[in-house]
file protein.cif (mmCIF, C-alpha atoms and all ligand atoms; chains and numbers go by the auth columns)
data_upload
#
loop_
_atom_site.group_PDB
_atom_site.id
_atom_site.type_symbol
_atom_site.label_atom_id
_atom_site.label_comp_id
_atom_site.label_asym_id
_atom_site.label_seq_id
_atom_site.Cartn_x
_atom_site.Cartn_y
_atom_site.Cartn_z
_atom_site.B_iso_or_equiv
_atom_site.auth_seq_id
_atom_site.auth_asym_id
ATOM 1 C CA MET A 1 0.000 0.000 0.000 0.00 1 A
ATOM 2 C CA ALA A 2 2.572 2.514 1.172 0.00 2 A
ATOM 3 C CA GLY A 3 4.828 1.483 -1.726 0.00 3 A
ATOM 4 C CA LYS A 4 2.887 3.742 -4.073 0.00 4 A
ATOM 5 C CA ARG A 5 3.542 6.892 -2.052 0.00 5 A
ATOM 6 C CA LYS A 6 5.453 9.696 -3.773 0.00 6 A
ATOM 7 C CA GLY A 7 5.445 12.440 -1.148 0.00 7 A
ATOM 8 C CA ILE A 8 7.616 12.974 1.906 0.00 8 A
ATOM 9 C CA PHE A 9 6.307 12.385 5.421 0.00 9 A
ATOM 10 C CA ILE A 10 7.714 14.477 8.286 0.00 10 A
ATOM 11 C CA THR A 11 6.475 14.183 11.868 0.00 11 A
ATOM 12 C CA PHE A 12 7.002 16.557 14.791 0.00 12 A
ATOM 13 C CA GLU A 13 7.176 15.273 18.356 0.00 13 A
ATOM 14 C CA GLY A 14 7.928 16.610 21.818 0.00 14 A
ATOM 15 C CA ILE A 15 6.512 17.399 25.239 0.00 15 A
ATOM 16 C CA GLU A 16 3.798 19.988 25.923 0.00 16 A
ATOM 17 C CA GLY A 17 4.830 23.521 24.990 0.00 17 A
ATOM 18 C CA CYS A 18 7.780 22.468 22.819 0.00 18 A
ATOM 19 C CA GLY A 19 6.577 24.637 19.895 0.00 19 A
ATOM 20 C CA LYS A 20 5.602 21.917 17.384 0.00 20 A
ATOM 21 C CA THR A 21 2.514 23.685 16.136 0.00 21 A
ATOM 22 C CA THR A 22 4.407 26.915 15.382 0.00 22 A
ATOM 23 C CA GLN A 23 7.230 25.023 13.687 0.00 23 A
ATOM 24 C CA VAL A 24 4.838 22.996 11.514 0.00 24 A
ATOM 25 C CA LYS A 25 3.413 26.315 10.279 0.00 25 A
ATOM 26 C CA LEU A 26 6.843 27.840 9.663 0.00 26 A
ATOM 27 C CA LEU A 27 8.154 24.810 7.788 0.00 27 A
ATOM 28 C CA SER A 28 4.947 24.568 5.732 0.00 28 A
ATOM 29 C CA GLY A 29 5.400 28.171 4.583 0.00 29 A
ATOM 30 C CA ARG A 30 9.046 27.639 3.780 0.00 30 A
ATOM 31 C CA LEU A 31 8.393 24.496 1.736 0.00 31 A
ATOM 32 C CA ARG A 32 5.552 26.205 -0.153 0.00 32 A
ATOM 33 C CA ASN A 33 8.008 28.978 -1.035 0.00 33 A
ATOM 34 C CA HIS A 34 10.111 26.249 -2.653 0.00 34 A
ATOM 35 C CA GLY A 35 7.071 25.271 -4.755 0.00 35 A
ATOM 36 C CA ILE A 36 6.441 22.103 -2.743 0.00 36 A
ATOM 37 C CA PRO A 37 2.805 21.032 -2.171 0.00 37 A
ATOM 38 C CA VAL A 38 2.324 20.680 1.597 0.00 38 A
ATOM 39 C CA LEU A 39 -0.386 19.211 3.762 0.00 39 A
ATOM 40 C CA ALA A 40 -0.106 20.165 7.446 0.00 40 A
ATOM 41 C CA THR A 41 -2.086 18.027 9.848 0.00 41 A
ATOM 42 C CA ARG A 42 -2.095 16.766 13.423 0.00 42 A
ATOM 43 C CA GLU A 43 -2.936 13.967 15.824 0.00 43 A
ATOM 44 C CA PRO A 44 -5.268 13.559 17.461 0.00 44 A
ATOM 45 C CA GLY A 45 -7.897 15.376 15.404 0.00 45 A
ATOM 46 C CA GLY A 46 -6.711 15.400 11.786 0.00 46 A
ATOM 47 C CA THR A 47 -10.105 14.202 10.499 0.00 47 A
ATOM 48 C CA LEU A 48 -13.741 14.928 11.339 0.00 48 A
ATOM 49 C CA ILE A 49 -14.001 11.644 13.250 0.00 49 A
ATOM 50 C CA GLY A 50 -10.633 12.407 14.849 0.00 50 A
ATOM 51 C CA LYS A 51 -11.876 15.781 16.117 0.00 51 A
ATOM 52 C CA THR A 52 -14.580 13.992 18.112 0.00 52 A
ATOM 53 C CA ILE A 53 -11.986 11.556 19.452 0.00 53 A
ATOM 54 C CA ARG A 54 -9.703 14.492 20.357 0.00 54 A
ATOM 55 C CA ARG A 55 -12.447 16.135 22.409 0.00 55 A
ATOM 56 C CA ILE A 56 -12.927 12.937 24.414 0.00 56 A
ATOM 57 C CA LEU A 57 -9.192 12.450 24.938 0.00 57 A
ATOM 58 C CA LEU A 58 -8.357 15.981 26.059 0.00 58 A
ATOM 59 C CA ASP A 59 -11.460 16.789 28.101 0.00 59 A
ATOM 60 C CA SER A 60 -10.198 17.277 31.663 0.00 60 A
ATOM 61 C CA ARG A 61 -13.563 15.993 33.016 0.00 61 A
ATOM 62 C CA ASN A 62 -12.813 12.530 31.563 0.00 62 A
ATOM 63 C CA THR A 63 -10.736 11.409 34.541 0.00 63 A
ATOM 64 C CA ALA A 64 -12.411 7.956 34.457 0.00 64 A
ATOM 65 C CA ILE A 65 -10.916 7.055 31.083 0.00 65 A
ATOM 66 C CA ALA A 66 -9.132 3.689 31.348 0.00 66 A
ATOM 67 C CA PRO A 67 -5.496 3.545 30.117 0.00 67 A
ATOM 68 C CA LYS A 68 -6.412 1.018 27.389 0.00 68 A
ATOM 69 C CA THR A 69 -9.375 3.124 26.255 0.00 69 A
ATOM 70 C CA GLU A 70 -7.053 6.133 25.973 0.00 70 A
ATOM 71 C CA TRP A 71 -4.467 4.209 23.988 0.00 71 A
ATOM 72 C CA LEU A 72 -6.996 2.592 21.643 0.00 72 A
ATOM 73 C CA LEU A 73 -8.694 5.939 20.980 0.00 73 A
ATOM 74 C CA TYR A 74 -5.329 7.327 19.832 0.00 74 A
ATOM 75 C CA ALA A 75 -4.957 4.234 17.636 0.00 75 A
ATOM 76 C CA ALA A 76 -8.468 4.732 16.211 0.00 76 A
ATOM 77 C CA ASP A 77 -7.733 8.395 15.494 0.00 77 A
ATOM 78 C CA ARG A 78 -4.518 7.360 13.683 0.00 78 A
ATOM 79 C CA ALA A 79 -6.207 4.603 11.652 0.00 79 A
ATOM 80 C CA GLN A 80 -8.743 7.118 10.327 0.00 80 A
ATOM 81 C CA HIS A 81 -6.103 9.791 9.761 0.00 81 A
ATOM 82 C CA VAL A 82 -3.782 7.535 7.751 0.00 82 A
ATOM 83 C CA GLN A 83 -6.603 6.127 5.650 0.00 83 A
ATOM 84 C CA GLU A 84 -8.467 9.382 4.985 0.00 84 A
ATOM 85 C CA ILE A 85 -5.758 12.059 4.907 0.00 85 A
ATOM 86 C CA ILE A 86 -2.102 10.994 5.090 0.00 86 A
ATOM 87 C CA LEU A 87 -1.957 8.126 2.600 0.00 87 A
ATOM 88 C CA PRO A 88 -3.963 9.890 -0.171 0.00 88 A
ATOM 89 C CA ALA A 89 -1.824 13.042 0.208 0.00 89 A
ATOM 90 C CA LEU A 90 1.445 11.070 0.002 0.00 90 A
ATOM 91 C CA ARG A 91 0.164 9.220 -3.051 0.00 91 A
ATOM 92 C CA GLU A 92 -0.551 12.578 -4.719 0.00 92 A
ATOM 93 C CA GLY A 93 3.071 13.551 -4.093 0.00 93 A
ATOM 94 C CA LYS A 94 2.370 16.035 -1.295 0.00 94 A
ATOM 95 C CA TRP A 95 4.699 16.568 1.634 0.00 95 A
ATOM 96 C CA VAL A 96 2.796 15.735 4.795 0.00 96 A
ATOM 97 C CA LEU A 97 3.829 17.530 7.990 0.00 97 A
ATOM 98 C CA CYS A 98 2.189 15.940 11.008 0.00 98 A
ATOM 99 C CA ASP A 99 2.051 17.421 14.516 0.00 99 A
ATOM 100 C CA ARG A 100 2.522 14.143 16.481 0.00 100 A
ATOM 101 C CA PHE A 101 2.208 10.598 15.156 0.00 101 A
ATOM 102 C CA MET A 102 2.918 7.002 16.241 0.00 102 A
ATOM 103 C CA ASP A 103 5.891 7.840 18.513 0.00 103 A
ATOM 104 C CA ALA A 104 3.573 9.874 20.769 0.00 104 A
ATOM 105 C CA THR A 105 1.625 6.728 21.689 0.00 105 A
ATOM 106 C CA GLU A 106 4.806 4.887 22.573 0.00 106 A
ATOM 107 C CA ALA A 107 6.046 7.829 24.693 0.00 107 A
ATOM 108 C CA TYR A 108 2.774 8.835 26.419 0.00 108 A
ATOM 109 C CA GLN A 109 0.690 5.648 26.642 0.00 109 A
ATOM 110 C CA GLY A 110 3.620 3.216 26.625 0.00 110 A
ATOM 111 C CA ARG A 111 6.403 4.699 28.705 0.00 111 A
ATOM 112 C CA ALA A 112 4.553 7.326 30.766 0.00 112 A
ATOM 113 C CA ARG A 113 1.281 5.408 31.359 0.00 113 A
ATOM 114 C CA GLY A 114 2.974 2.026 31.552 0.00 114 A
ATOM 115 C CA GLN A 115 1.022 0.286 28.768 0.00 115 A
ATOM 116 C CA ASP A 116 2.681 -2.618 26.922 0.00 116 A
ATOM 117 C CA THR A 117 5.052 -0.962 24.430 0.00 117 A
ATOM 118 C CA GLN A 118 5.431 -4.149 22.351 0.00 118 A
ATOM 119 C CA LEU A 119 1.676 -4.290 21.874 0.00 119 A
ATOM 120 C CA ILE A 120 1.578 -0.553 21.133 0.00 120 A
ATOM 121 C CA ARG A 121 4.089 -1.137 18.322 0.00 121 A
ATOM 122 C CA VAL A 122 1.975 -4.000 16.947 0.00 122 A
ATOM 123 C CA ILE A 123 -1.167 -1.833 16.906 0.00 123 A
ATOM 124 C CA ASN A 124 0.771 1.114 15.475 0.00 124 A
ATOM 125 C CA ASP A 125 2.057 -1.130 12.664 0.00 125 A
ATOM 126 C CA LEU A 126 -1.499 -2.244 11.980 0.00 126 A
ATOM 127 C CA VAL A 127 -3.005 1.243 11.752 0.00 127 A
ATOM 128 C CA VAL A 128 -0.215 3.042 9.832 0.00 128 A
ATOM 129 C CA GLN A 129 -0.439 0.621 6.852 0.00 129 A
ATOM 130 C CA GLY A 130 3.312 0.829 6.301 0.00 130 A
ATOM 131 C CA VAL A 131 3.322 4.639 6.342 0.00 131 A
ATOM 132 C CA LYS A 132 6.381 5.449 8.462 0.00 132 A
ATOM 133 C CA PRO A 133 7.838 8.965 8.696 0.00 133 A
ATOM 134 C CA ASP A 134 10.822 9.755 6.464 0.00 134 A
ATOM 135 C CA LEU A 135 11.977 12.177 9.142 0.00 135 A
ATOM 136 C CA THR A 136 10.892 12.760 12.739 0.00 136 A
ATOM 137 C CA ILE A 137 11.819 16.056 14.357 0.00 137 A
ATOM 138 C CA LEU A 138 11.967 15.854 18.137 0.00 138 A
ATOM 139 C CA LEU A 139 11.764 19.308 19.715 0.00 139 A
ATOM 140 C CA ASP A 140 13.453 18.851 23.052 0.00 140 A
ATOM 141 C CA LEU A 141 13.413 21.113 26.106 0.00 141 A
ATOM 142 C CA PRO A 142 13.152 20.790 29.900 0.00 142 A
ATOM 143 C CA VAL A 143 9.625 19.975 31.068 0.00 143 A
ATOM 144 C CA GLU A 144 9.400 22.982 33.420 0.00 144 A
ATOM 145 C CA ILE A 145 9.984 25.326 30.483 0.00 145 A
ATOM 146 C CA GLY A 146 7.585 23.517 28.155 0.00 146 A
ATOM 147 C CA LEU A 147 4.781 23.392 30.713 0.00 147 A
ATOM 148 C CA GLY A 148 5.353 27.053 31.584 0.00 148 A
ATOM 149 C CA ARG A 149 4.902 27.941 27.917 0.00 149 A
ATOM 150 C CA ALA A 150 1.744 25.778 27.655 0.00 150 A
ATOM 151 C CA LEU A 151 0.335 27.511 30.737 0.00 151 A
ATOM 152 C CA ARG A 152 0.984 30.980 29.282 0.00 152 A
ATOM 153 C CA ARG A 153 -0.551 29.929 25.937 0.00 153 A
ATOM 154 C CA ASN A 154 -3.676 28.678 27.725 0.00 154 A
ATOM 155 C CA SER A 155 -4.067 31.843 29.749 0.00 155 A
ATOM 156 C CA VAL A 156 -4.103 33.823 26.487 0.00 156 A
ATOM 157 C CA SER A 157 -6.198 31.581 24.220 0.00 157 A
ATOM 158 C CA ASN A 158 -7.999 29.068 26.436 0.00 158 A
ATOM 159 C CA ALA A 159 -9.319 31.067 29.391 0.00 159 A
ATOM 160 C CA GLY A 160 -6.628 29.452 31.553 0.00 160 A
ATOM 161 C CA THR A 161 -7.998 25.905 31.207 0.00 161 A
ATOM 162 C CA GLN A 162 -5.616 22.963 31.021 0.00 162 A
ATOM 163 C CA ASP A 163 -6.339 19.760 29.125 0.00 163 A
ATOM 164 C CA ARG A 164 -6.162 16.282 30.701 0.00 164 A
ATOM 165 C CA PHE A 165 -2.477 15.847 29.837 0.00 165 A
ATOM 166 C CA GLU A 166 -1.329 19.295 30.870 0.00 166 A
ATOM 167 C CA ARG A 167 -2.790 18.511 34.322 0.00 167 A
ATOM 168 C CA GLU A 168 -0.456 15.532 34.750 0.00 168 A
ATOM 169 C CA HIS A 169 2.398 15.723 37.301 0.00 169 A
ATOM 170 C CA LEU A 170 5.892 16.831 36.336 0.00 170 A
ATOM 171 C CA SER A 171 7.082 13.223 36.786 0.00 171 A
ATOM 172 C CA PHE A 172 4.697 12.125 33.975 0.00 172 A
ATOM 173 C CA HIS A 173 6.089 14.748 31.600 0.00 173 A
ATOM 174 C CA ARG A 174 9.664 13.821 32.555 0.00 174 A
ATOM 175 C CA LYS A 175 8.919 10.214 31.589 0.00 175 A
ATOM 176 C CA VAL A 176 7.533 11.415 28.231 0.00 176 A
ATOM 177 C CA ARG A 177 10.635 13.503 27.545 0.00 177 A
ATOM 178 C CA LYS A 178 12.965 10.633 28.448 0.00 178 A
ATOM 179 C CA ALA A 179 10.924 8.220 26.304 0.00 179 A
ATOM 180 C CA TYR A 180 11.224 10.493 23.272 0.00 180 A
ATOM 181 C CA LEU A 181 14.983 10.867 23.756 0.00 181 A
ATOM 182 C CA ASP A 182 15.323 7.076 24.020 0.00 182 A
ATOM 183 C CA LEU A 183 13.262 6.604 20.850 0.00 183 A
ATOM 184 C CA ALA A 184 15.486 9.119 19.043 0.00 184 A
ATOM 185 C CA GLN A 185 18.546 7.222 20.207 0.00 185 A
ATOM 186 C CA ARG A 186 17.062 3.898 19.075 0.00 186 A
ATOM 187 C CA GLU A 187 16.050 5.145 15.616 0.00 187 A
ATOM 188 C CA LYS A 188 18.877 7.484 14.713 0.00 188 A
ATOM 189 C CA ASP A 189 18.248 7.162 10.968 0.00 189 A
ATOM 190 C CA ARG A 190 14.772 8.617 11.272 0.00 190 A
ATOM 191 C CA PHE A 191 14.958 11.023 14.240 0.00 191 A
ATOM 192 C CA VAL A 192 16.704 14.346 14.675 0.00 192 A
ATOM 193 C CA VAL A 193 16.732 16.098 18.041 0.00 193 A
ATOM 194 C CA VAL A 194 16.443 19.882 17.938 0.00 194 A
ATOM 195 C CA ASN A 195 16.978 22.078 20.993 0.00 195 A
ATOM 196 C CA ALA A 196 13.640 23.856 21.460 0.00 196 A
ATOM 197 C CA ASP A 197 14.778 25.970 24.422 0.00 197 A
ATOM 198 C CA THR A 198 15.691 28.876 22.154 0.00 198 A
ATOM 199 C CA SER A 199 14.001 31.420 19.859 0.00 199 A
ATOM 200 C CA GLU A 200 11.372 30.371 17.284 0.00 200 A
ATOM 201 C CA GLN A 201 13.648 31.568 14.519 0.00 201 A
ATOM 202 C CA GLU A 202 16.652 29.575 15.739 0.00 202 A
ATOM 203 C CA VAL A 203 14.513 26.447 16.007 0.00 203 A
ATOM 204 C CA GLU A 204 13.154 27.076 12.490 0.00 204 A
ATOM 205 C CA GLU A 205 16.696 27.318 11.099 0.00 205 A
ATOM 206 C CA ALA A 206 17.834 24.196 12.950 0.00 206 A
ATOM 207 C CA ILE A 207 14.881 22.260 11.518 0.00 207 A
ATOM 208 C CA PHE A 208 15.472 23.479 7.992 0.00 208 A
ATOM 209 C CA HIS A 209 19.085 22.367 8.223 0.00 209 A
ATOM 210 C CA TYR A 210 17.746 18.780 8.387 0.00 210 A
ATOM 211 C CA VAL A 211 14.965 19.254 5.841 0.00 211 A
ATOM 212 C CA GLU A 212 16.984 21.036 3.158 0.00 212 A
ATOM 213 C CA PRO A 213 18.760 17.857 1.915 0.00 213 A
ATOM 214 C CA LEU A 214 15.324 16.295 1.317 0.00 214 A
ATOM 215 C CA VAL A 215 14.228 19.400 -0.628 0.00 215 A
ATOM 216 C CA GLN A 216 17.371 19.216 -2.762 0.00 216 A
ATOM 217 C CA LYS A 217 17.003 15.479 -3.300 0.00 217 A
ATOM 218 C CA CYS A 218 13.385 15.934 -4.405 0.00 218 A
ATOM 219 C CA SER A 219 14.071 18.859 -6.720 0.00 219 A
ATOM 220 C CA GLY A 220 16.897 16.779 -8.264 0.00 220 A
ATOM 221 C CA VAL A 221 14.476 13.909 -8.837 0.00 221 A
ATOM 222 C CA GLN A 222 11.919 16.294 -10.342 0.00 222 A
ATOM 223 C CA ARG A 223 14.532 17.812 -12.645 0.00 223 A
ATOM 224 C CA SER A 224 15.845 14.437 -13.877 0.00 224 A
ATOM 225 C CA GLY A 225 12.233 13.233 -14.319 0.00 225 A
ATOM 226 C CA PHE A 226 11.591 16.321 -16.426 0.00 226 A
ATOM 227 C CA ARG A 227 14.704 15.684 -18.526 0.00 227 A
ATOM 228 C CA LYS A 228 13.578 12.114 -19.137 0.00 228 A
ATOM 229 C CA GLU A 229 10.136 13.258 -20.222 0.00 229 A
ATOM 230 C CA LYS A 230 11.694 15.692 -22.703 0.00 230 A
ATOM 231 C CA GLN A 231 13.983 13.071 -24.297 0.00 231 A
HETATM 232 P P1 LIG B . -1.214 18.298 21.265 0.00 301 A
HETATM 233 O O1 LIG B . -1.415 19.103 22.515 0.00 301 A
HETATM 234 O O2 LIG B . 0.182 18.207 20.825 0.00 301 A
HETATM 235 O O3 LIG B . -2.180 18.645 20.176 0.00 301 A
HETATM 236 O O4 LIG B . -1.551 16.763 21.669 0.00 301 A
HETATM 237 C C1 LIG B . -2.641 16.457 22.403 0.00 301 A
HETATM 238 C C2 LIG B . -2.264 15.586 23.568 0.00 301 A
HETATM 239 O O5 LIG B . -2.385 14.209 23.202 0.00 301 A
HETATM 240 C C3 LIG B . -0.849 15.780 24.089 0.00 301 A
HETATM 241 O O6 LIG B . -0.928 15.956 25.490 0.00 301 A
HETATM 242 C C4 LIG B . -0.159 14.484 23.811 0.00 301 A
HETATM 243 C C5 LIG B . -1.276 13.481 23.720 0.00 301 A
HETATM 244 N N1 LIG B . -1.028 12.330 22.846 0.00 301 A
HETATM 245 C C6 LIG B . -0.897 11.072 23.414 0.00 301 A
HETATM 246 O O7 LIG B . -0.931 10.932 24.638 0.00 301 A
HETATM 247 N N2 LIG B . -0.730 10.003 22.574 0.00 301 A
HETATM 248 C C7 LIG B . -0.720 10.103 21.222 0.00 301 A
HETATM 249 O O8 LIG B . -0.582 9.097 20.513 0.00 301 A
HETATM 250 C C8 LIG B . -0.865 11.433 20.637 0.00 301 A
HETATM 251 C C9 LIG B . -0.861 11.568 19.158 0.00 301 A
HETATM 252 C C10 LIG B . -1.014 12.507 21.482 0.00 301 A
#
call {"tool": "encode", "arguments": {"input": "protein.cif", "output": "structure tokens"}}
result
Amino acid sequence: MAGKRKGIFITFEGIEGCGKTTQVKLLSGRLRNHGIPVLATREPGGTLIGKTIRRILLDSRNTAIAPKTEWLLYAADRAQHVQEIILPALREGKWVLCDRFMDATEAYQGRARGQDTQLIRVINDLVVQGVKPDLTILLDLPVEIGLGRALRRNSVSNAGTQDRFEREHLSFHRKVRKAYLDLAQREKDRFVVVNADTSEQEVEEAIFHYVEPLVQKCSGVQRSGFRKEKQ
């Protein structure tokens, strides 16, 4: 299935307040300036069905949610997202930039919530249909700084309310951060770790440093494809 994809798939990961959403927007704009068709999306909530799932998952009143329910709702959101949005876009040759993907489930539900990580990988493999990221950008920063940023963002745009995950203890967020760093260490070919404890512009430049080779590779492919067509 995934063999037919032509586009590039980049995922963004990190703890709360690491700046993923801003950086997805900045990279989207930069790639579009290079003439690249981009689809920016996110998990959970990248589809209509996913938006309903997102509301359930983040609602701070849902304290009774069982760990397995939480995990399987993320898996359901991803199954719909891959099928409806990500796979078709990659097949059309678009670059898909996704704010969180399969690694988030391993970090949050697996390592921080203590769910079976082997089983999480099996379910992830099932729902992604072979669609693995070409590049995963991990925006790393200390949890105190990330949560402080998330708190300030909420006081401006969310009437000060925190979602179910932002309400978790510092120890939970430390486990998530450590899990992401371990994943990055384990899959060095796919992950890059970018220091997010700096200005938006510096983070943007650091990210583009890793993305630029892909842009050049793709424009080279497009040019040689064009030459072939002309022959
Ligand atoms: P966001 O705030 O980055 O949009 O993500 C929503 C929350 O969902 C965030 O606290 C991380 C959490 N999450 C998981 O716990 N597991 C997952 O698989 C994903 C995609 C997100």
call {"tool": "resolve_selection", "arguments": {"input": "protein.cif", "expression": "the PyMOL selection byres (((chain A and resi 20-26) around 9) and not hetatm)", "output": "list in words"}}
result
Thr11, Phe12, Glu13, Gly14, Glu16, Gly17, Cys18, Gly19, Leu27, Ser28, Gly29, Arg30, Leu31, Ala40, Thr41, Arg42, Leu97, Cys98, Asp99, Arg100, Leu138, Leu139, Glu200, Val203, Glu204 and Ile207 of chain A
call {"tool": "closest_atom_pairs", "arguments": {"input": "protein.cif", "of": "chain A", "to": "ligand LIG 301 (chain A)", "cutoff": "6 Å", "atoms": "all atoms listed in the file", "output": "tab-separated table"}}
result
residue	atom	partner	partner_atom	distance
A:Glu43	CA	A:LIG301	C9	4.6
A:Pro44	CA	A:LIG301	C9	5.1
A:Tyr74	CA	A:LIG301	O8	5.1
A:Arg100	CA	A:LIG301	C9	5.0
A:Phe101	CA	A:LIG301	C9	5.1
A:Met102	CA	A:LIG301	O8	5.9
A:Ala104	CA	A:LIG301	O8	4.2
A:Thr105	CA	A:LIG301	O8	3.4
A:Tyr108	CA	A:LIG301	O7	4.6
A:Gln109	CA	A:LIG301	O7	5.9
A:Phe165	CA	A:LIG301	O6	4.6
call {"tool": "closest_residue", "arguments": {"input": "protein.cif", "among": "A:Ala79, A:His34, A:Ile10, A:Asn154", "to": "Gln216 of chain A", "atoms": "only C-alpha atoms"}}
result
A:His34
call {"tool": "atom_distance", "arguments": {"input": "protein.cif", "atom1": "atom CA of Asp197 of chain A", "atom2": "atom CA of Pro37 of chain A"}}
result
29.6 Å
call {"tool": "atom_distance", "arguments": {"input": "protein.cif", "atom1": "atom CA of Gly114 of chain A", "atom2": "atom CA of Asp189 of chain A"}}
result
26.1 Å
call {"tool": "closest_residue", "arguments": {"input": "protein.cif", "among": "A:Ser60, A:Thr47, A:Gln118, A:Asn33", "to": "Glu166 of chain A", "atoms": "only C-alpha atoms"}}
result
A:Ser60
call {"tool": "closest_residue", "arguments": {"input": "protein.cif", "among": "A:His209, A:Arg121, A:Arg113, A:Lys188", "to": "His169 of chain A", "atoms": "only C-alpha atoms"}}
result
A:Arg113
